[in-house]
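Colleague: Below is the file model20.txt, with compact mmCIF, C-alpha atoms and all ligand atoms.
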```txt
# COMPACT_ATOMS: atom_id res chain seq x y z
CA MET R 1 0.00 0.00 0.00
CA LYS R 2 2.73 2.36 1.07
CA LYS R 3 4.88 1.30 -1.84
CA ILE R 4 2.08 1.95 -4.33
CA GLY R 5 1.54 5.40 -2.78
CA LEU R 6 5.18 6.28 -3.24
CA LYS R 7 5.09 5.04 -6.78
CA ILE R 8 2.12 7.29 -7.52
CA ILE R 9 3.90 10.26 -5.98
CA GLY R 10 6.94 9.44 -8.09
CA ILE R 11 4.88 9.35 -11.25
CA LEU R 12 3.18 12.60 -10.33
CA VAL R 13 6.55 14.26 -9.77
CA ILE R 14 7.77 13.07 -13.16
CA ILE R 15 4.60 14.31 -14.84
CA SER R 16 4.86 17.66 -13.07
CA ILE R 17 8.50 18.01 -14.14
CA ALA R 18 7.54 17.15 -17.69
CA MET R 19 4.75 19.71 -17.59
CA ASN R 20 7.01 22.39 -16.21
CA ALA R 21 9.66 21.73 -18.81
CA PHE R 22 10.07 24.70 -21.04
CA SER R 23 9.32 23.83 -24.59
CA ILE R 24 9.29 26.00 -27.66
CA MET R 25 7.31 24.97 -30.66
CA SER R 26 7.92 26.45 -34.02
CA TYR R 27 4.78 27.77 -35.65
CA ALA R 28 6.60 28.69 -38.84
CA THR R 29 5.42 25.68 -40.86
CA GLU R 30 1.87 25.90 -39.57
CA LYS R 31 1.79 29.63 -40.26
CA SER R 32 3.17 29.33 -43.75
CA GLU R 33 0.63 26.58 -44.56
CA LEU R 34 -2.11 28.74 -43.14
CA ASN R 35 -0.93 31.74 -45.15
CA LYS R 36 -0.99 29.60 -48.28
CA LYS R 37 -4.55 28.52 -47.48
CA ILE R 38 -5.60 32.14 -46.89
CA LYS R 39 -4.04 33.19 -50.18
CA GLU R 40 -5.67 30.32 -52.11
CA THR R 41 -9.05 30.90 -50.48
CA LYS R 42 -8.87 34.60 -51.27
CA GLU R 43 -8.08 33.74 -54.89
CA SER R 44 -11.09 31.39 -55.00
CA LEU R 45 -13.22 34.10 -53.42
CA ASN R 46 -12.12 36.59 -56.08
CA GLU R 47 -12.92 34.08 -58.80
CA VAL R 48 -16.36 33.32 -57.33
CA ASN R 49 -17.09 37.01 -56.84
CA SER R 50 -16.18 37.88 -60.42
CA GLN R 51 -18.38 35.02 -61.67
CA LYS R 52 -21.14 36.34 -59.46
CA ALA R 53 -20.74 39.86 -60.83
CA GLU R 54 -20.89 38.44 -64.35
CA SER R 55 -24.11 36.57 -63.58
CA GLU R 56 -25.58 39.65 -61.94
CA ASP R 57 -24.83 41.65 -65.08
CA LYS R 58 -26.58 38.96 -67.13
CA VAL R 59 -29.61 39.09 -64.83
CA GLU R 60 -29.71 42.87 -65.19
CA ASP R 61 -29.43 42.61 -68.95
CA LEU R 62 -32.16 39.95 -69.12
CA THR R 63 -34.39 42.02 -66.85
CA SER R 64 -34.16 45.03 -69.14
CA GLN R 65 -34.77 42.82 -72.20
CA ILE R 66 -37.82 41.30 -70.52
CA LYS R 67 -39.05 44.81 -69.71
CA GLU R 68 -38.70 45.77 -73.36
CA TYR R 69 -40.76 42.76 -74.38
CA GLU R 70 -43.27 43.56 -71.66
CA LYS R 71 -43.67 47.05 -73.15
CA GLU R 72 -44.07 45.63 -76.64
CA ILE R 73 -46.58 43.02 -75.44
CA ASN R 74 -48.56 45.64 -73.57
CA SER R 75 -48.72 47.84 -76.63
CA LEU R 76 -49.88 44.82 -78.67
CA LYS R 77 -52.48 44.11 -76.01
CA SER R 78 -53.90 47.61 -76.30
CA GLU R 79 -53.80 47.30 -80.06
CA ILE R 80 -55.82 44.07 -79.78
CA GLU R 81 -58.21 45.78 -77.43
CA GLN R 82 -58.64 48.66 -79.86
CA LYS R 83 -59.23 46.30 -82.78
CA ASN R 84 -61.76 44.28 -80.81
CA LYS R 85 -63.53 47.49 -79.96
CA GLU R 86 -63.60 48.50 -83.63
CA ILE R 87 -64.82 45.05 -84.64
CA LYS R 88 -67.54 45.30 -82.05
CA GLU R 89 -68.56 48.68 -83.43
CA MET R 90 -68.60 47.28 -86.95
CA GLN R 91 -70.75 44.42 -85.76
CA LYS R 92 -73.08 46.86 -84.09
CA LYS R 93 -73.38 48.85 -87.31
CA LEU R 94 -73.94 45.65 -89.23
CA ASP R 95 -76.66 44.62 -86.84
CA GLU R 96 -78.27 48.05 -87.18
CA LEU R 97 -78.10 47.89 -90.96
CA GLU R 98 -79.45 44.41 -90.93
CA GLU R 99 -82.29 45.54 -88.75
CA GLU R 100 -82.97 48.46 -91.08
CA ARG R 101 -82.79 46.20 -94.09
CA GLN R 102 -85.09 43.73 -92.45
CA GLU R 103 -87.52 46.51 -91.60
CA LYS R 104 -87.50 47.77 -95.16
CA GLN R 105 -87.82 44.27 -96.53
CA ASP R 106 -90.74 43.63 -94.22
CA LEU R 107 -92.38 46.88 -95.30
CA LEU R 108 -91.92 46.00 -98.92
CA ASP R 109 -93.18 42.49 -98.42
CA GLU R 110 -96.13 43.82 -96.49
CA ARG R 111 -96.93 46.32 -99.22
CA LEU R 112 -96.69 43.70 -101.92
CA ILE R 113 -98.89 41.38 -99.91
CA THR R 114 -101.38 44.19 -99.33
CA ILE R 115 -101.35 44.99 -103.03
CA TYR R 116 -102.07 41.41 -103.92
CA GLU R 117 -104.57 40.85 -101.16
CA ASN R 118 -106.48 44.05 -101.97
CA GLY R 119 -105.97 43.45 -105.62
CA GLU R 120 -105.64 47.15 -105.88
CA THR R 121 -102.52 47.34 -107.81
CA SER R 122 -102.09 44.10 -109.60
CA TYR R 123 -101.25 44.93 -113.14
CA LEU R 124 -104.47 43.50 -114.24
CA ASP R 125 -106.37 45.40 -111.57
CA VAL R 126 -104.57 48.54 -112.44
CA LEU R 127 -105.38 47.94 -116.05
CA LEU R 128 -108.95 47.17 -115.38
CA SER R 129 -109.48 49.98 -112.90
CA SER R 130 -107.89 52.51 -115.15
CA ALA R 131 -110.20 54.88 -116.76
CA ASP R 132 -108.04 55.12 -119.79
CA ILE R 133 -104.61 54.26 -120.95
CA THR R 134 -103.07 57.44 -119.50
CA ASP R 135 -104.52 56.63 -116.11
CA PHE R 136 -103.31 53.09 -116.41
CA ILE R 137 -99.76 54.10 -117.26
CA SER R 138 -99.73 56.60 -114.43
CA LYS R 139 -101.00 54.08 -111.85
CA TYR R 140 -98.77 51.31 -113.21
CA TYR R 141 -95.65 53.40 -112.96
CA MET R 142 -96.53 54.60 -109.51
CA VAL R 143 -96.60 51.04 -108.17
CA GLU R 144 -93.54 50.14 -110.19
CA THR R 145 -91.64 53.22 -108.89
CA LEU R 146 -92.56 52.54 -105.28
CA THR R 147 -91.39 48.95 -105.51
CA GLU R 148 -88.21 49.93 -107.32
CA ALA R 149 -87.39 52.57 -104.71
CA ASP R 150 -87.83 50.07 -101.93
CA LYS R 151 -85.69 47.55 -103.78
CA GLU R 152 -82.97 50.10 -104.37
CA LEU R 153 -82.99 51.11 -100.74
CA ILE R 154 -82.62 47.51 -99.69
CA GLU R 155 -79.88 46.95 -102.21
CA GLY R 156 -78.10 50.06 -100.91
CA LEU R 157 -78.32 48.74 -97.38
CA GLU R 158 -76.95 45.41 -98.50
CA ALA R 159 -74.07 47.13 -100.25
CA ASP R 160 -73.32 49.10 -97.07
CA LYS R 161 -73.48 45.89 -95.12
CA LYS R 162 -71.11 44.23 -97.51
CA GLU R 163 -68.64 47.08 -97.24
CA ILE R 164 -68.73 47.03 -93.45
CA GLU R 165 -68.48 43.25 -93.47
CA GLU R 166 -65.32 43.60 -95.54
CA THR R 167 -63.87 46.16 -93.18
CA LYS R 168 -64.74 43.90 -90.30
CA ASN R 169 -63.07 40.96 -92.00
CA ASN R 170 -59.99 43.05 -92.61
CA LEU R 171 -59.98 44.07 -88.98
CA ASN R 172 -60.30 40.44 -87.92
CA GLU R 173 -57.39 39.53 -90.14
CA SER R 174 -55.12 42.23 -88.76
CA LEU R 175 -56.29 41.29 -85.26
CA LYS R 176 -55.13 37.77 -85.91
CA GLU R 177 -51.77 39.11 -87.06
CA VAL R 178 -51.37 41.21 -83.92
CA GLU R 179 -52.38 38.28 -81.75
CA ASP R 180 -49.83 36.06 -83.48
CA LYS R 181 -47.17 38.69 -82.96
CA LYS R 182 -48.11 38.98 -79.30
CA GLU R 183 -47.91 35.22 -78.89
CA GLU R 184 -44.48 35.25 -80.52
CA GLN R 185 -43.28 38.01 -78.22
CA GLU R 186 -44.69 36.21 -75.19
CA ALA R 187 -42.85 33.04 -76.18
CA ILE R 188 -39.56 34.97 -76.37
CA GLN R 189 -40.31 36.67 -73.08
CA LYS R 190 -40.97 33.29 -71.50
CA LYS R 191 -37.60 32.03 -72.70
CA LEU R 192 -35.90 35.15 -71.36
CA ASN R 193 -37.64 34.68 -68.04
CA LYS R 194 -36.43 31.11 -67.87
CA ALA R 195 -32.86 32.22 -68.63
CA LYS R 196 -33.16 34.93 -66.01
CA ASN R 197 -34.37 32.44 -63.40
CA GLN R 198 -31.44 30.15 -64.15
CA GLU R 199 -29.01 33.05 -63.89
CA GLU R 200 -30.59 34.15 -60.62
CA LYS R 201 -30.17 30.64 -59.28
CA LYS R 202 -26.52 30.84 -60.29
CA VAL R 203 -26.14 34.14 -58.45
CA GLU R 204 -27.71 32.53 -55.41
CA ASP R 205 -25.31 29.56 -55.52
CA LEU R 206 -22.32 31.83 -56.05
CA THR R 207 -23.42 34.03 -53.16
CA ALA R 208 -23.55 30.97 -50.92
CA GLN R 209 -20.11 29.89 -52.14
CA SER R 210 -18.75 33.37 -51.60
CA GLU R 211 -20.14 33.44 -48.06
CA ASP R 212 -18.62 30.04 -47.31
CA LEU R 213 -15.23 31.19 -48.57
CA GLU R 214 -15.46 34.38 -46.55
CA GLU R 215 -16.23 32.28 -43.49
CA ASP R 216 -13.23 30.07 -44.25
CA ILE R 217 -10.97 33.09 -44.57
CA GLU R 218 -12.31 34.48 -41.33
CA ALA R 219 -11.63 31.18 -39.58
CA TYR R 220 -8.11 30.97 -41.05
CA GLU R 221 -7.36 34.53 -40.02
CA LYS R 222 -8.64 33.82 -36.54
CA LYS R 223 -6.41 30.76 -36.37
CA MET R 224 -3.50 32.89 -37.62
CA LYS R 225 -4.13 35.40 -34.86
CA GLU R 226 -4.13 32.58 -32.33
CA LEU R 227 -0.83 31.29 -33.67
CA ASP R 228 0.62 34.81 -33.56
CA ALA R 229 -0.55 35.14 -29.98
CA LYS R 230 0.93 31.76 -29.07
CA GLU R 231 4.16 32.66 -30.76
CA LYS R 232 4.26 35.98 -28.98
CA ALA R 233 3.49 34.33 -25.64
CA GLN R 234 6.28 31.89 -26.33
CA GLU R 235 8.66 34.71 -27.14
CA GLU R 236 7.64 36.44 -23.93
CA ALA R 237 8.12 33.24 -21.97
CA LEU R 238 11.55 32.75 -23.51
CA LYS R 239 12.49 36.32 -22.77
CA HIS R 240 11.34 35.86 -19.19
CA LYS R 241 13.21 32.59 -18.93
CA ILE R 242 16.37 34.26 -20.24
CA GLU R 243 16.02 37.14 -17.78
CA GLN R 244 15.44 34.72 -14.93
CA ALA R 245 18.43 32.63 -15.88
CA GLN R 246 20.53 35.76 -16.19
CA GLU R 247 19.41 36.95 -12.74
CA GLU R 248 20.08 33.57 -11.17
CA HIS R 249 23.47 33.49 -12.79
CA ASP R 250 24.33 37.06 -11.72
CA SER R 251 23.29 36.48 -8.09
CA GLY R 252 24.81 33.02 -7.89
CA SER R 253 28.34 32.52 -6.61
CA SER R 254 29.07 29.66 -8.98
CA SER R 255 31.39 30.48 -11.77
CA SER R 256 30.61 29.60 -15.39
CA GLY R 257 33.15 26.85 -15.02
CA GLY R 258 34.88 28.08 -18.10
CA SER R 259 38.34 26.85 -18.71
CA SER R 260 39.16 29.62 -21.11
CA SER R 261 40.43 32.86 -19.72
CA LYS R 262 38.45 34.67 -22.38
CA GLY R 263 35.20 32.92 -21.48
CA PHE R 264 34.59 30.46 -24.34
CA ILE R 265 35.96 27.02 -25.02
CA ARG R 266 36.38 25.43 -28.42
CA PRO R 267 33.01 23.92 -29.48
CA VAL R 268 34.71 20.80 -30.89
CA LYS R 269 37.52 18.79 -29.37
CA THR R 270 39.01 17.84 -32.70
CA GLY R 271 39.40 19.43 -36.09
CA SER R 272 41.61 22.20 -37.31
CA ILE R 273 40.49 25.68 -38.20
CA THR R 274 39.85 25.75 -41.95
CA ALA R 275 38.52 29.32 -42.26
CA THR R 276 38.53 32.46 -40.13
CA MET R 277 36.73 35.84 -40.39
CA TYR R 278 37.86 36.12 -44.00
CA TYR R 279 38.24 33.27 -46.44
CA SER R 280 41.61 32.86 -48.09
CA SER R 281 39.98 34.44 -51.14
CA GLY R 282 39.52 37.61 -49.08
CA LYS R 283 35.76 37.25 -48.96
CA TYR R 284 34.10 38.06 -45.62
CA HIS R 285 33.12 34.97 -43.63
CA GLY R 286 32.30 36.29 -40.11
CA ALA R 287 32.96 32.97 -38.40
CA VAL R 288 35.46 30.26 -37.68
CA ASP R 289 35.15 26.89 -39.44
CA PHE R 290 36.41 23.70 -37.82
CA GLY R 291 37.10 20.83 -40.18
CA VAL R 292 35.32 17.95 -38.46
CA SER R 293 33.56 14.90 -39.86
CA VAL R 294 29.80 14.43 -39.75
CA GLY R 295 28.58 13.32 -36.32
CA THR R 296 31.33 15.01 -34.26
CA PRO R 297 29.91 16.16 -30.89
CA VAL R 298 29.55 19.94 -30.60
CA TYR R 299 29.66 21.51 -27.13
CA ALA R 300 28.34 24.79 -25.68
CA ALA R 301 31.18 27.33 -25.63
CA ALA R 302 29.96 28.66 -22.28
CA ASP R 303 26.98 28.53 -19.88
CA GLY R 304 23.85 30.00 -21.32
CA ILE R 305 20.38 29.47 -22.60
CA VAL R 306 19.43 28.08 -25.99
CA VAL R 307 17.53 30.72 -27.98
CA THR R 308 17.45 28.97 -31.36
CA SER R 309 17.45 25.29 -32.22
CA THR R 310 16.03 24.75 -35.66
CA TRP R 311 16.38 24.10 -39.36
CA GLY R 312 17.70 27.28 -40.91
CA GLY R 313 17.20 26.40 -44.55
CA SER R 314 19.09 24.52 -47.23
CA ASP R 315 20.58 27.73 -48.62
CA SER R 316 21.71 28.87 -45.17
CA TYR R 317 22.74 27.37 -41.81
CA GLY R 318 21.04 23.99 -42.16
CA TYR R 319 20.46 22.64 -38.65
CA TYR R 320 21.82 25.19 -36.21
CA ILE R 321 21.87 26.29 -32.58
CA LYS R 322 22.16 29.74 -31.03
CA ILE R 323 22.96 30.28 -27.36
CA LYS R 324 22.69 33.46 -25.32
CA HIS R 325 25.47 33.64 -22.76
CA TYR R 326 25.48 35.46 -19.46
CA ASN R 327 28.25 37.80 -20.61
CA GLY R 328 25.79 39.19 -23.17
CA LEU R 329 27.38 37.46 -26.14
CA TYR R 330 25.78 34.89 -28.42
CA THR R 331 27.34 31.85 -30.05
CA LEU R 332 26.02 30.10 -33.15
CA TYR R 333 26.77 26.56 -34.35
CA ALA R 334 25.76 25.71 -37.91
CA HIS R 335 25.47 22.91 -40.55
CA GLY R 336 24.70 20.28 -37.87
CA SER R 337 23.51 16.77 -38.62
CA SER R 338 21.25 16.63 -35.56
CA LEU R 339 20.22 18.91 -32.72
CA VAL R 340 20.47 17.80 -29.09
CA VAL R 341 19.10 20.76 -27.10
CA SER R 342 15.93 22.78 -27.55
CA VAL R 343 14.96 26.43 -27.23
CA GLY R 344 14.66 27.68 -23.66
CA GLN R 345 16.95 25.00 -22.34
CA GLU R 346 19.77 26.06 -20.00
CA VAL R 347 23.13 24.62 -20.95
CA LYS R 348 26.46 24.41 -19.20
CA GLN R 349 29.80 25.08 -20.80
CA GLY R 350 31.01 21.91 -22.49
CA GLN R 351 27.52 20.38 -22.64
CA LEU R 352 26.70 18.44 -25.81
CA ILE R 353 24.32 20.52 -27.89
CA MET R 354 24.56 19.19 -31.45
CA TYR R 355 26.33 16.80 -33.78
CA SER R 356 28.23 18.43 -36.59
CA GLY R 357 27.33 17.79 -40.21
CA ASN R 358 27.17 19.10 -43.72
CA THR R 359 23.63 20.55 -43.93
CA GLY R 360 22.54 23.88 -45.42
CA ASN R 361 24.90 25.97 -47.51
CA SER R 362 27.95 23.85 -46.86
CA THR R 363 30.52 22.49 -49.28
CA GLY R 364 31.86 19.79 -46.93
CA PRO R 365 31.53 18.47 -43.38
CA HIS R 366 32.52 21.17 -40.89
CA LEU R 367 31.31 23.19 -37.93
CA HIS R 368 30.61 26.85 -38.60
CA PHE R 369 31.03 28.79 -35.35
CA GLU R 370 30.01 32.42 -34.81
CA VAL R 371 30.17 34.85 -31.91
CA ARG R 372 27.73 37.74 -31.95
CA VAL R 373 27.28 40.81 -29.76
CA SER R 374 23.55 40.81 -30.49
CA PRO R 375 21.25 37.92 -31.49
CA GLY R 376 20.30 39.05 -34.97
CA GLY R 377 22.12 40.42 -37.98
CA TYR R 378 25.36 39.45 -39.67
CA SER R 379 26.89 42.83 -38.75
CA ASN R 380 26.85 41.79 -35.10
CA ARG R 381 29.40 39.08 -35.73
CA VAL R 382 32.77 39.39 -34.06
CA ASN R 383 35.92 37.35 -34.40
CA PRO R 384 35.49 34.12 -32.34
CA LEU R 385 39.24 33.74 -32.05
CA ASN R 386 39.27 36.70 -29.68
CA TYR R 387 37.17 34.72 -27.21
CA LEU R 388 38.63 31.25 -27.44
ZN ZN R 401 31.67 28.93 -41.97
```
So, in terms of structure tokens, how does the structure I just supplied come out?
Ligand SMILES: [Zn+2]
Modeller:
Amino acid sequence: MKKIGLKIIGILVIISIAMNAFSIMSYATEKSELNKKIKETKESLNEVNSQKAESEDKVEDLTSQIKEYEKEINSLKSEIEQKNKEIKEMQKKLDELEEERQEKQDLLDERLITIYENGETSYLDVLLSSADITDFISKYYMVETLTEADKELIEGLEADKKEIEETKNNLNESLKEVEDKKEEQEAIQKKLNKAKNQEEKKVEDLTAQSEDLEEDIEAYEKKMKELDAKEKAQEEALKHKIEQAQEEHDSGSSSSGGSSSKGFIRPVKTGSITATMYYSSGKYHGAVDFGVSVGTPVYAAADGIVVTSTWGGSDSYGYYIKIKHYNGLYTLYAHGSSLVVSVGQEVKQGQLIMYSGNTGNSTGPHLHFEVRVSPGGYSNRVNPLNYL
């Protein structure tokens, strides 16, 4: 029971140590991937938005076309209305004429019937009732004239009717033409409406896509802000850690344990110096190179705190380490094959920090060693040989 309890405490202590361990994560890869996503999404958004604008232009164009057709159709409608009205008027006139004709016809018929029924004016009657030939001719012509006049009147009415009928027929024909034209225009308008609806649907879809992309961008940018904040917090924590370590060092009585009178020891135990501040060609180098084979242990030149432990690029330092020392100087170890310590870690002089290699901008296995008066910038490099 007691043993188990101790074990648990032991595990808890280990966990708590692990949790307290200072660790620096690099957000560079994550950030660059995120930036790429943001860029791509913004490009997609631009594409979608320009498609949307195009569709909106089409909708606008179709709308104005449809309006034009609407105007045309409306004018045809009023034309049809007008023609129908005219046809109706013609019909009314026709009906009136027909009525008049019928009336006249009836009158004539009636008169003729009366003549026959009364026998007054039958030719024979007229002849017989005539006193003499003069009387007969006079009476005969009177009846004849009356009948002729009525007949002419009726014929005149029929001619009028015929004329109006023709006009009406012409009107009906042109009405048919206008109606056909209207139907044609309506068919085109219908097609345009269909096209407009399709385009509007497209605009709707593109709007939804655009909104989704905007949301994505917003989310990515939020994530980027979080990463920036984390990175900043990390930088702050590192700064604090460095300050704390510096304070502890300054107040502590322990020496740096350095064996060199100038503060730094050689970072490799073997290997000759193959280049100094200037190459033999005269070109500026800003460091000391030690000719060592790949995998040679590299040691911290003095006590300090690791401020960089990372991949510095294939055209640059390769795997490299930078340490801030308590005397305010920085040392840098480049072209390593593998890194042993991590950012924020306190190191002692002579502690293994890296294995040398041939990574980055390196023409052969060696350790590139710099001393700087400030962490950044090549101009802050000083001659390491002055400190070894
Ligand atoms: Zn070098």
Colleague: Which residues sit within 10 Å of ligand ZN 401 (chain R), counting only C-alpha atoms and all ligand atoms, listed as a VMD selection string?
Modeller: chain R and resid 274 to 279 285 to 291 317 333 to 335 361 to 363 366 to 370
Colleague: Can you pull out the residues contacting R:Tyr320? Cut-off 10 Å, using only C-alpha atoms, and skip same-chain residues under 6 positions away; I want them as a list in words.
Modeller: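 Those residues are Thr308, Ser309, Thr310, Trp311, Gly312, Gly313, Leu332, Tyr333, Ala334, His335, Gly336, Ser337, Ser338, Leu339, Ile353, Met354, Tyr355, Ser356, Thr359, Gly360, Leu367, His368 and Phe369 of chain R.
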Colleague: Any idea what the distance is between atom CA of R:Lys241 and atom CA of R:Ala302?
Modeller: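 Interatomic distance here is 17.5 Å.
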Colleague: At most 9 Å from (17.6, 26.0, -17.9), file frame, all atoms listed in the file: which residues, as a PyMOL selection string?
Modeller: chain R and resi 22+241-242+245+304-306+344-347
Colleague: Provide the atom CA of R:Ser130 to atom CA of R:Glu148 distance in Å, to one decimal place.
Modeller: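 A separation of 21.3 Å between them.
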Colleague: List the spatial neighbours of R:Ser44 as an MDAnalysis selection string - criterion: any atom at most 10 Å away, all atoms listed in the file, same-chain residues fewer than 3 positions off excluded.
Modeller: chainID R and resid 38:41 47:50 209:210 213:214
Colleague: Excluding stretch 86-99 of chain R and any residue of its chain fewer than 2 positions from it, enumerate the residues within 8 Å of it, using all atoms listed in the file, and give them as a list in words.
Modeller: Gln82, Lys83, Asn84, Arg101, Gln102, Glu103, Leu157, Asp160, Lys161, Ile164, Glu165, Thr167, Lys168, Leu171 and Asn172 of chain R
Colleague: For the residues in that selection, give me C-alpha atoms as an mmCIF file, keeping the file's coordinate frame.
Modeller:
```cif
data_model
loop_
_atom_site.group_PDB
_atom_site.id
_atom_site.type_symbol
_atom_site.label_atom_id
_atom_site.label_comp_id
_atom_site.auth_asym_id
_atom_site.auth_seq_id
_atom_site.Cartn_x
_atom_site.Cartn_y
_atom_site.Cartn_z
ATOM 1 C CA GLN R 82 -58.640 48.660 -79.860
ATOM 2 C CA LYS R 83 -59.230 46.300 -82.780
ATOM 3 C CA ASN R 84 -61.760 44.280 -80.810
ATOM 4 C CA ARG R 101 -82.790 46.200 -94.090
ATOM 5 C CA GLN R 102 -85.090 43.730 -92.450
ATOM 6 C CA GLU R 103 -87.520 46.510 -91.600
ATOM 7 C CA LEU R 157 -78.320 48.740 -97.380
ATOM 8 C CA ASP R 160 -73.320 49.100 -97.070
ATOM 9 C CA LYS R 161 -73.480 45.890 -95.120
ATOM 10 C CA ILE R 164 -68.730 47.030 -93.450
ATOM 11 C CA GLU R 165 -68.480 43.250 -93.470
ATOM 12 C CA THR R 167 -63.870 46.160 -93.180
ATOM 13 C CA LYS R 168 -64.740 43.900 -90.300
ATOM 14 C CA LEU R 171 -59.980 44.070 -88.980
ATOM 15 C CA ASN R 172 -60.300 40.440 -87.920
#
```
Colleague: Separation of atom CA of R:Asp303 and atom CA of R:Gly350, in Å?
Modeller: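 Pair atom CA of R:Asp303 / atom CA of R:Gly350 returns 8.2 Å.
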Colleague: Determine the nearest neighbour of R:Val343 from the options R:Leu62, R:Leu238, R:Val298, R:Val203, counting all atoms listed in the file.
Modeller: R:Leu238
